[in-house]
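K.L.:
File upload-v8.cif below, mmCIF, C-alpha atoms:
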data_upload
loop_
_atom_site.group_PDB
_atom_site.id
_atom_site.type_symbol
_atom_site.label_atom_id
_atom_site.label_comp_id
_atom_site.auth_asym_id
_atom_site.auth_seq_id
_atom_site.Cartn_x
_atom_site.Cartn_y
_atom_site.Cartn_z
ATOM 1 C CA MET A 1 38.091 97.108 89.780
ATOM 2 C CA ARG A 2 38.356 97.522 86.029
ATOM 3 C CA LEU A 3 37.935 94.667 83.538
ATOM 4 C CA LEU A 4 39.851 95.210 80.307
ATOM 5 C CA VAL A 5 38.304 93.121 77.534
ATOM 6 C CA VAL A 6 40.477 92.678 74.432
ATOM 7 C CA GLU A 7 38.065 92.115 71.528
ATOM 8 C CA HIS A 8 39.350 91.274 68.053
ATOM 9 C CA GLN A 9 36.244 91.201 65.858
ATOM 10 C CA PRO A 10 32.573 92.190 66.130
ATOM 11 C CA ASP A 11 31.246 88.629 65.967
ATOM 12 C CA ALA A 12 33.430 87.539 68.911
ATOM 13 C CA PRO A 13 32.291 89.857 71.733
ATOM 14 C CA ALA A 14 32.445 89.318 75.484
ATOM 15 C CA GLY A 15 29.081 87.528 75.559
ATOM 16 C CA LEU A 16 28.505 85.942 78.954
ATOM 17 C CA VAL A 17 31.590 87.688 80.332
ATOM 18 C CA GLY A 18 29.668 90.959 80.159
ATOM 19 C CA GLY A 19 26.716 89.814 82.260
ATOM 20 C CA TRP A 20 29.017 88.195 84.799
ATOM 21 C CA ALA A 21 31.132 91.370 85.040
ATOM 22 C CA ALA A 22 28.028 93.493 85.652
ATOM 23 C CA GLY A 23 26.987 91.139 88.446
ATOM 24 C CA ARG A 24 30.412 91.476 90.028
ATOM 25 C CA GLY A 25 30.348 95.262 89.785
ATOM 26 C CA LEU A 26 33.301 95.384 87.385
ATOM 27 C CA ALA A 27 33.718 98.451 85.194
ATOM 28 C CA VAL A 28 34.279 97.090 81.681
ATOM 29 C CA THR A 29 36.566 98.766 79.148
ATOM 30 C CA THR A 30 36.663 97.147 75.696
ATOM 31 C CA LEU A 31 39.923 97.388 73.771
ATOM 32 C CA ARG A 32 40.019 96.717 70.019
ATOM 33 C CA PRO A 33 43.631 96.424 68.812
ATOM 34 C CA ALA A 34 42.586 94.909 65.465
ATOM 35 C CA SER A 35 40.753 98.167 64.727
ATOM 36 C CA GLY A 36 43.868 100.221 65.390
ATOM 37 C CA GLN A 37 43.112 101.105 69.007
ATOM 38 C CA PRO A 38 46.340 101.222 71.032
ATOM 39 C CA LEU A 39 46.505 98.994 74.085
ATOM 40 C CA PRO A 40 47.316 100.719 77.379
ATOM 41 C CA ARG A 41 50.755 100.129 78.891
ATOM 42 C CA PRO A 42 51.063 99.050 81.529
ATOM 43 C CA ALA A 43 47.843 97.546 82.831
ATOM 44 C CA SER A 44 47.249 99.168 86.192
ATOM 45 C CA PRO A 45 47.114 97.420 89.579
ATOM 46 C CA GLY A 46 43.495 96.572 90.251
ATOM 47 C CA ASP A 47 42.843 95.804 86.590
ATOM 48 C CA VAL A 48 41.958 92.343 85.314
ATOM 49 C CA VAL A 49 42.177 91.303 81.662
ATOM 50 C CA VAL A 50 40.118 89.013 79.423
ATOM 51 C CA VAL A 51 41.502 88.347 75.940
ATOM 52 C CA LEU A 52 38.831 87.017 73.569
ATOM 53 C CA GLY A 53 38.848 84.863 70.448
ATOM 54 C CA SER A 54 39.790 85.685 66.882
ATOM 55 C CA GLU A 55 39.797 84.022 63.498
ATOM 56 C CA GLU A 56 43.472 84.978 63.270
ATOM 57 C CA THR A 57 46.385 82.759 64.259
ATOM 58 C CA ALA A 58 48.383 83.566 67.385
ATOM 59 C CA PHE A 59 51.692 82.437 65.852
ATOM 60 C CA ASP A 60 51.313 84.554 62.701
ATOM 61 C CA ASP A 61 53.705 87.466 63.224
ATOM 62 C CA SER A 62 52.473 89.159 60.052
ATOM 63 C CA ILE A 63 49.340 90.250 61.944
ATOM 64 C CA PRO A 64 50.059 93.974 62.439
ATOM 65 C CA TRP A 65 48.633 94.270 65.946
ATOM 66 C CA LEU A 66 49.819 90.948 67.404
ATOM 67 C CA ALA A 67 53.200 92.186 68.676
ATOM 68 C CA SER A 68 51.561 94.954 70.704
ATOM 69 C CA GLU A 69 49.022 92.512 72.132
ATOM 70 C CA LEU A 70 51.747 90.086 73.168
ATOM 71 C CA ALA A 71 53.591 92.982 74.816
ATOM 72 C CA PHE A 72 50.397 94.027 76.609
ATOM 73 C CA VAL A 73 49.829 90.504 77.949
ATOM 74 C CA ARG A 74 53.472 90.155 79.013
ATOM 75 C CA GLN A 75 53.218 93.455 80.890
ATOM 76 C CA ALA A 76 50.098 92.184 82.642
ATOM 77 C CA LEU A 77 51.964 89.023 83.651
ATOM 78 C CA GLU A 78 54.913 91.024 84.952
ATOM 79 C CA SER A 79 52.549 93.261 86.927
ATOM 80 C CA SER A 80 50.552 90.300 88.340
ATOM 81 C CA VAL A 81 47.411 91.604 86.610
ATOM 82 C CA PRO A 82 45.129 88.530 86.276
ATOM 83 C CA VAL A 83 44.665 87.434 82.664
ATOM 84 C CA LEU A 84 41.977 85.119 81.317
ATOM 85 C CA GLY A 85 42.695 84.083 77.735
ATOM 86 C CA ILE A 86 39.887 82.490 75.732
ATOM 87 C CA CYS A 87 40.737 80.439 72.609
ATOM 88 C CA PHE A 88 42.917 82.854 70.566
ATOM 89 C CA GLY A 89 43.394 84.736 73.835
ATOM 90 C CA GLY A 90 44.527 81.536 75.531
ATOM 91 C CA GLN A 91 46.961 80.961 72.682
ATOM 92 C CA VAL A 92 48.321 84.503 73.066
ATOM 93 C CA LEU A 93 48.730 83.886 76.806
ATOM 94 C CA ALA A 94 50.504 80.574 76.156
ATOM 95 C CA ARG A 95 52.833 82.237 73.674
ATOM 96 C CA ALA A 96 53.550 85.103 76.074
ATOM 97 C CA LEU A 97 54.588 82.440 78.596
ATOM 98 C CA GLY A 98 56.944 80.846 76.084
ATOM 99 C CA ALA A 99 54.846 77.881 74.904
ATOM 100 C CA ARG A 100 54.366 76.672 71.348
ATOM 101 C CA VAL A 101 51.101 77.416 69.566
ATOM 102 C CA TYR A 102 50.461 75.132 66.611
ATOM 103 C CA ARG A 103 47.950 74.143 63.918
ATOM 104 C CA LEU A 104 45.754 71.139 64.743
ATOM 105 C CA ALA A 105 45.392 68.268 62.304
ATOM 106 C CA ALA A 106 41.708 69.254 61.951
ATOM 107 C CA PRO A 107 39.570 72.036 63.428
ATOM 108 C CA GLU A 108 37.712 71.247 66.647
ATOM 109 C CA ILE A 109 34.175 72.641 66.403
ATOM 110 C CA GLY A 110 31.151 71.700 68.496
ATOM 111 C CA TRP A 111 29.964 71.272 72.045
ATOM 112 C CA MET A 112 32.204 69.079 74.153
ATOM 113 C CA SER A 113 33.114 67.936 77.652
ATOM 114 C CA VAL A 114 36.600 68.142 79.125
ATOM 115 C CA VAL A 115 38.455 66.237 81.813
ATOM 116 C CA SER A 116 38.662 68.881 84.540
ATOM 117 C CA LYS A 117 41.288 68.953 87.257
ATOM 118 C CA GLN A 118 39.720 71.758 89.308
ATOM 119 C CA ALA A 119 36.339 72.082 90.990
ATOM 120 C CA GLY A 120 35.849 75.610 89.635
ATOM 121 C CA LEU A 121 36.032 74.348 86.060
ATOM 122 C CA ALA A 122 33.096 72.153 85.116
ATOM 123 C CA GLU A 123 33.492 69.319 82.639
ATOM 124 C CA GLY A 124 30.973 70.915 80.319
ATOM 125 C CA PRO A 125 29.169 71.578 78.152
ATOM 126 C CA TRP A 126 31.638 73.961 76.485
ATOM 127 C CA LEU A 127 31.680 75.107 72.876
ATOM 128 C CA ALA A 128 34.959 74.454 71.049
ATOM 129 C CA TRP A 129 35.700 76.418 67.874
ATOM 130 C CA HIS A 130 39.374 76.450 67.009
ATOM 131 C CA ARG A 131 41.923 75.236 64.493
ATOM 132 C CA ASP A 132 45.023 75.852 66.630
ATOM 133 C CA GLY A 133 46.179 74.519 69.978
ATOM 134 C CA PHE A 134 48.721 75.392 72.661
ATOM 135 C CA GLU A 135 51.253 73.359 74.572
ATOM 136 C CA LEU A 136 51.559 73.643 78.347
ATOM 137 C CA PRO A 137 53.868 76.551 79.178
ATOM 138 C CA ALA A 138 56.803 75.826 81.478
ATOM 139 C CA GLY A 139 55.879 76.304 85.126
ATOM 140 C CA CYS A 140 52.138 76.111 84.436
ATOM 141 C CA TYR A 141 49.686 73.380 85.406
ATOM 142 C CA GLU A 142 46.961 71.606 83.489
ATOM 143 C CA LEU A 143 43.399 72.582 84.372
ATOM 144 C CA ALA A 144 41.565 70.548 81.737
ATOM 145 C CA THR A 145 42.370 68.125 78.952
ATOM 146 C CA GLY A 146 40.395 66.257 76.318
ATOM 147 C CA GLY A 147 39.411 66.541 72.704
ATOM 148 C CA ALA A 148 42.068 67.532 70.215
ATOM 149 C CA SER A 149 44.457 69.312 72.586
ATOM 150 C CA LEU A 150 45.151 70.657 76.047
ATOM 151 C CA GLN A 151 41.999 72.572 76.963
ATOM 152 C CA ALA A 152 43.043 74.783 79.886
ATOM 153 C CA PHE A 153 46.092 75.738 81.916
ATOM 154 C CA GLY A 154 46.891 78.073 84.776
ATOM 155 C CA VAL A 155 49.743 79.804 86.539
ATOM 156 C CA GLY A 156 49.228 82.140 89.479
ATOM 157 C CA PRO A 157 46.204 84.362 88.739
ATOM 158 C CA HIS A 158 46.324 83.640 84.990
ATOM 159 C CA VAL A 159 44.238 81.084 83.059
ATOM 160 C CA GLY A 160 44.289 80.070 79.417
ATOM 161 C CA LEU A 161 41.316 78.283 77.865
ATOM 162 C CA GLN A 162 40.943 76.637 74.482
ATOM 163 C CA PHE A 163 37.114 76.452 74.581
ATOM 164 C CA HIS A 164 34.578 79.310 74.680
ATOM 165 C CA PRO A 165 32.720 79.809 77.976
ATOM 166 C CA GLU A 166 31.522 83.241 76.825
ATOM 167 C CA VAL A 167 29.401 81.968 73.923
ATOM 168 C CA THR A 168 25.714 82.788 73.588
ATOM 169 C CA ARG A 169 23.366 81.508 70.895
ATOM 170 C CA PRO A 170 23.629 84.745 68.850
ATOM 171 C CA ILE A 171 27.427 84.450 68.901
ATOM 172 C CA ALA A 172 27.232 80.835 67.733
ATOM 173 C CA GLU A 173 24.791 81.853 64.985
ATOM 174 C CA ALA A 174 27.206 84.565 63.796
ATOM 175 C CA TRP A 175 30.116 82.127 63.688
ATOM 176 C CA ILE A 176 28.087 79.597 61.726
ATOM 177 C CA ALA A 177 27.005 82.285 59.250
ATOM 178 C CA GLY A 178 30.556 83.579 58.808
ATOM 179 C CA THR A 179 32.439 80.295 58.511
ATOM 180 C CA GLU A 180 34.268 79.725 55.220
ATOM 181 C CA PRO A 181 34.021 77.161 53.807
ATOM 182 C CA PRO A 182 30.495 76.766 55.188
ATOM 183 C CA LEU A 183 30.029 74.480 58.165
ATOM 184 C CA ASP A 184 28.360 71.149 57.506
ATOM 185 C CA PRO A 185 24.596 71.839 57.866
ATOM 186 C CA LEU A 186 24.108 68.879 60.205
ATOM 187 C CA LEU A 187 26.857 70.122 62.523
ATOM 188 C CA ALA A 188 25.480 73.664 62.395
ATOM 189 C CA ARG A 189 22.000 72.492 63.394
ATOM 190 C CA GLN A 190 23.434 70.326 66.163
ATOM 191 C CA ILE A 191 25.433 73.237 67.585
ATOM 192 C CA LEU A 192 22.329 75.428 67.730
ATOM 193 C CA ARG A 193 20.203 72.639 69.246
ATOM 194 C CA ASP A 194 22.851 72.133 71.892
ATOM 195 C CA CYS A 195 22.947 75.893 72.525
ATOM 196 C CA ASP A 196 19.261 75.737 73.373
ATOM 197 C CA ASP A 197 19.423 72.491 75.350
ATOM 198 C CA ALA A 198 22.469 73.490 77.402
ATOM 199 C CA ARG A 199 21.867 77.231 77.711
ATOM 200 C CA GLU A 200 21.195 77.425 81.453
ATOM 201 C CA LEU A 201 23.831 74.892 82.468
ATOM 202 C CA ALA A 202 26.480 76.379 80.176
ATOM 203 C CA ALA A 203 25.787 79.888 81.498
ATOM 204 C CA ALA A 204 25.996 78.693 85.107
ATOM 205 C CA ASN A 205 29.236 76.837 84.390
ATOM 206 C CA ALA A 206 30.676 79.929 82.717
ATOM 207 C CA GLU A 207 29.814 82.182 85.640
ATOM 208 C CA THR A 208 31.382 79.717 88.082
ATOM 209 C CA LEU A 209 34.518 79.548 85.943
ATOM 210 C CA PHE A 210 34.865 83.318 85.601
ATOM 211 C CA SER A 211 34.429 83.782 89.344
ATOM 212 C CA ALA A 212 36.881 80.991 90.163
ATOM 213 C CA TRP A 213 39.469 82.721 87.973
ATOM 214 C CA LEU A 214 38.908 86.158 89.494
ATOM 215 C CA ASP A 215 38.799 84.843 93.080
ATOM 216 C CA GLY A 216 41.919 82.705 92.719
ATOM 217 C CA GLY A 217 40.067 79.423 92.839
ATOM 218 C CA LEU A 218 41.946 77.901 89.905
ATOM 219 C CA THR A 219 45.280 77.468 91.647
ATOM 220 C CA ALA A 220 47.832 74.717 91.273
ATOM 221 C CA PRO A 221 46.768 71.341 92.740
#
Now that the file is in, can you turn its structure into structure tokens?
P.N.:
Amino acid sequence: MRLLVVEHQPDAPAGLVGGWAAGRGLAVTTLRPASGQPLPRPASPGDVVVVLGSEETAFDDSIPWLASELAFVRQALESSVPVLGICFGGQVLARALGARVYRLAAPEIGWMSVVSKQAGLAEGPWLAWHRDGFELPAGCYELATGGASLQAFGVGPHVGLQFHPEVTRPIAEAWIAGTEPPLDPLLARQILRDCDDARELAAANAETLFSAWLDGGLTAP
């Protein structure tokens, strides 16, 4: 089985997805559409897809590579290739399913808990880092709510998340360093402290979530 990872920027890599994939024996291919790499069409049977985060906005059609990414995700949906969308990736998945993606009143940044509706999706801790949200696509079901917006949805083998289960401490450090305007120093220190305090639990929760997605354990109630 091949895992296609759609990565949009160097500071938002697969993180914990990579270690989990190695443990599952998945061959990982990283696709970088924002760097001009064409996305394969169609995704082949036996493939699974993870679409990662981005500082871009999933409803901004001026992004030169967004149309091809939406087409790629829609082809995966049509071919029943499982898709896991994380943050921006979840917003792309929601949009591909016809839902509205919108700007939040304020960014949601920091470690949080969610109200989970499935055993395979723990309540937390999860790191949120987003300024946009998605509505529930028609025909989909809520997997988790809480915070500033819907946090997770599913339909068939596909799952969209608003939070970041893939995050490691180095990823969080890179996001803090690259945030403009700079993150409040108190919030930045708290995020890193929580990274250290919750590292083992967050990694275990992430692995359980990834496996539940791949094994079909996040199905409609």
K.L.:
What residues come out when you apply the PyMOL selection byres ((chain A and resi 212) around 12) to this file, written as a list in words?
P.N.:
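Checked against the file, the PyMOL selection byres ((chain A and resi 212) around 12) matches Trp20, Pro82, Leu84, Gln118, Ala119, Gly120, Leu121, Ala122, Gly154, Pro157, His158, Val159, Asn205, Ala206, Glu207, Thr208, Leu209, Phe210, Ser211, Trp213, Leu214, Asp215, Gly216, Gly217, Leu218 and Thr219 of chain A.
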K.L.:
What gap, in Å, lies between CA of Leu136 in chain A and CA of Gly98 in chain A?
P.N.:
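Atom-to-atom, CA of Leu136 in chain A and CA of Gly98 in chain A are spaced 9.3 Å apart.
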K.L.:
Contacts between range 64-79 of chain A and range 92-185 of chain A, please, where a residue of range 92-185 of chain A counts if it comes within 10 Å (with all atoms listed in the file); show its shortest atom pair and distance in Å to one decimal, rows by chain and ascending number, as a tab-separated table.
P.N.:
residue	atom	partner	partner_atom	distance
A:Val92	CA	A:Leu70	CA	6.6
A:Leu93	CA	A:Val73	CA	6.8
A:Arg95	CA	A:Leu70	CA	7.9
A:Ala96	CA	A:Arg74	CA	5.8
A:Leu97	CA	A:Arg74	CA	7.8
A:Val155	CA	A:Leu77	CA	9.9
A:Gly156	CA	A:Leu77	CA	9.4
A:Pro157	CA	A:Leu77	CA	9.0
A:His158	CA	A:Leu77	CA	7.9
K.L.:
So what does the PyMOL selection byres ((chain A and resi 59) around 8) actually pick up in this one, as a ChimeraX atom specification?
P.N.:
/A:57-58,60-61,95,101-102
K.L.:
Env of Trp126 in chain A: 7 Å cut, atoms = all atoms listed in the file, seq-sep filter 6 positions within chain, self excluded. Answer as a count of residues only.
P.N.:
7
K.L.:
List the neighbours of Glu7 in chain A out to 12 Å using all atoms listed in the file; skip same-chain residues closer than 3 positions along the sequence, and give me the result as a PyMOL selection string.
P.N.:
chain A and resi 4+10-15+17+28-37+39+49-55+69+85-86+88-89
K.L.:
Quick one, how far is CA of Arg169 in chain A from CA of Gln190 in chain A?
P.N.:
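Spanning CA of Arg169 in chain A to CA of Gln190 in chain A is a straight-line distance of 12.1 Å.
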K.L.:
Given only C-alpha atoms as the basis, pick out the residue of A:Val6, A:Pro125, A:Asp184, A:Leu16 nearest to Ile171 in chain A.
P.N.:
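Answer, going by the shortest atom-to-atom distance: A:Leu16.
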K.L.:
Within 7 Å of Leu26 in chain A, counting only C-alpha atoms, which residues qualify if same-chain residues fewer than 6 places away don't, as a ChimeraX atom specification?
P.N.:
/A:1-3
K.L.:
CA of Ile176 in chain A to CA of Val114 in chain A: how many Å, to one decimal?
P.N.:
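A separation of 22.5 Å between them.
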K.L.:
Kindly indicate which residue among A:Val83, A:Ala99, A:Ala27, A:Leu187 lies nearest to Pro137 in chain A, using only C-alpha atoms for the distances.
P.N.:
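Result for the nearest residue to Pro137 in chain A: A:Ala99.
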K.L.:
Which residues are close to Val81 in chain A, i.e. within 7 Å by all atoms listed in the file, leaving aside same-chain residues fewer than 5 positions away? Reply as a PDB file with C-alpha atoms, in the frame of the given file.
P.N.:
ATOM      1  CA  PRO A  45      47.114  97.420  89.579  1.00  0.00           C
ATOM      2  CA  ASP A  47      42.843  95.804  86.590  1.00  0.00           C
ATOM      3  CA  VAL A  48      41.958  92.343  85.314  1.00  0.00           C
ATOM      4  CA  ALA A  76      50.098  92.184  82.642  1.00  0.00           C
TER       5      ALA A  76
END
K.L.:
Find the residues near Asp196 in chain A: any atom within 12 Å, counting only C-alpha atoms, skip ones fewer than 3 places away on the same chain, and give them as a PDB file with C-alpha atoms, in the coordinates of the input.
P.N.:
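result-v1.pdb, freshly written:
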ATOM      1  CA  TRP A 111      29.964  71.272  72.045  1.00  0.00           C
ATOM      2  CA  PRO A 125      29.169  71.578  78.152  1.00  0.00           C
ATOM      3  CA  VAL A 167      29.401  81.968  73.923  1.00  0.00           C
ATOM      4  CA  THR A 168      25.714  82.788  73.588  1.00  0.00           C
ATOM      5  CA  ARG A 169      23.366  81.508  70.895  1.00  0.00           C
ATOM      6  CA  PRO A 170      23.629  84.745  68.850  1.00  0.00           C
ATOM      7  CA  ALA A 172      27.232  80.835  67.733  1.00  0.00           C
ATOM      8  CA  GLU A 173      24.791  81.853  64.985  1.00  0.00           C
ATOM      9  CA  ARG A 189      22.000  72.492  63.394  1.00  0.00           C
ATOM     10  CA  GLN A 190      23.434  70.326  66.163  1.00  0.00           C
ATOM     11  CA  ILE A 191      25.433  73.237  67.585  1.00  0.00           C
ATOM     12  CA  LEU A 192      22.329  75.428  67.730  1.00  0.00           C
ATOM     13  CA  ARG A 193      20.203  72.639  69.246  1.00  0.00           C
ATOM     14  CA  ARG A 199      21.867  77.231  77.711  1.00  0.00           C
ATOM     15  CA  GLU A 200      21.195  77.425  81.453  1.00  0.00           C
ATOM     16  CA  LEU A 201      23.831  74.892  82.468  1.00  0.00           C
ATOM     17  CA  ALA A 202      26.480  76.379  80.176  1.00  0.00           C
ATOM     18  CA  ALA A 203      25.787  79.888  81.498  1.00  0.00           C
TER      19      ALA A 203
END
K.L.:
From the options A:Leu127, A:Ala198, A:Leu183, A:Ala138, which residue's atoms come nearest to Arg100 in chain A, counting only C-alpha atoms?
P.N.:
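Looking at the shortest contact to Arg100 in chain A, the residue is A:Ala138.
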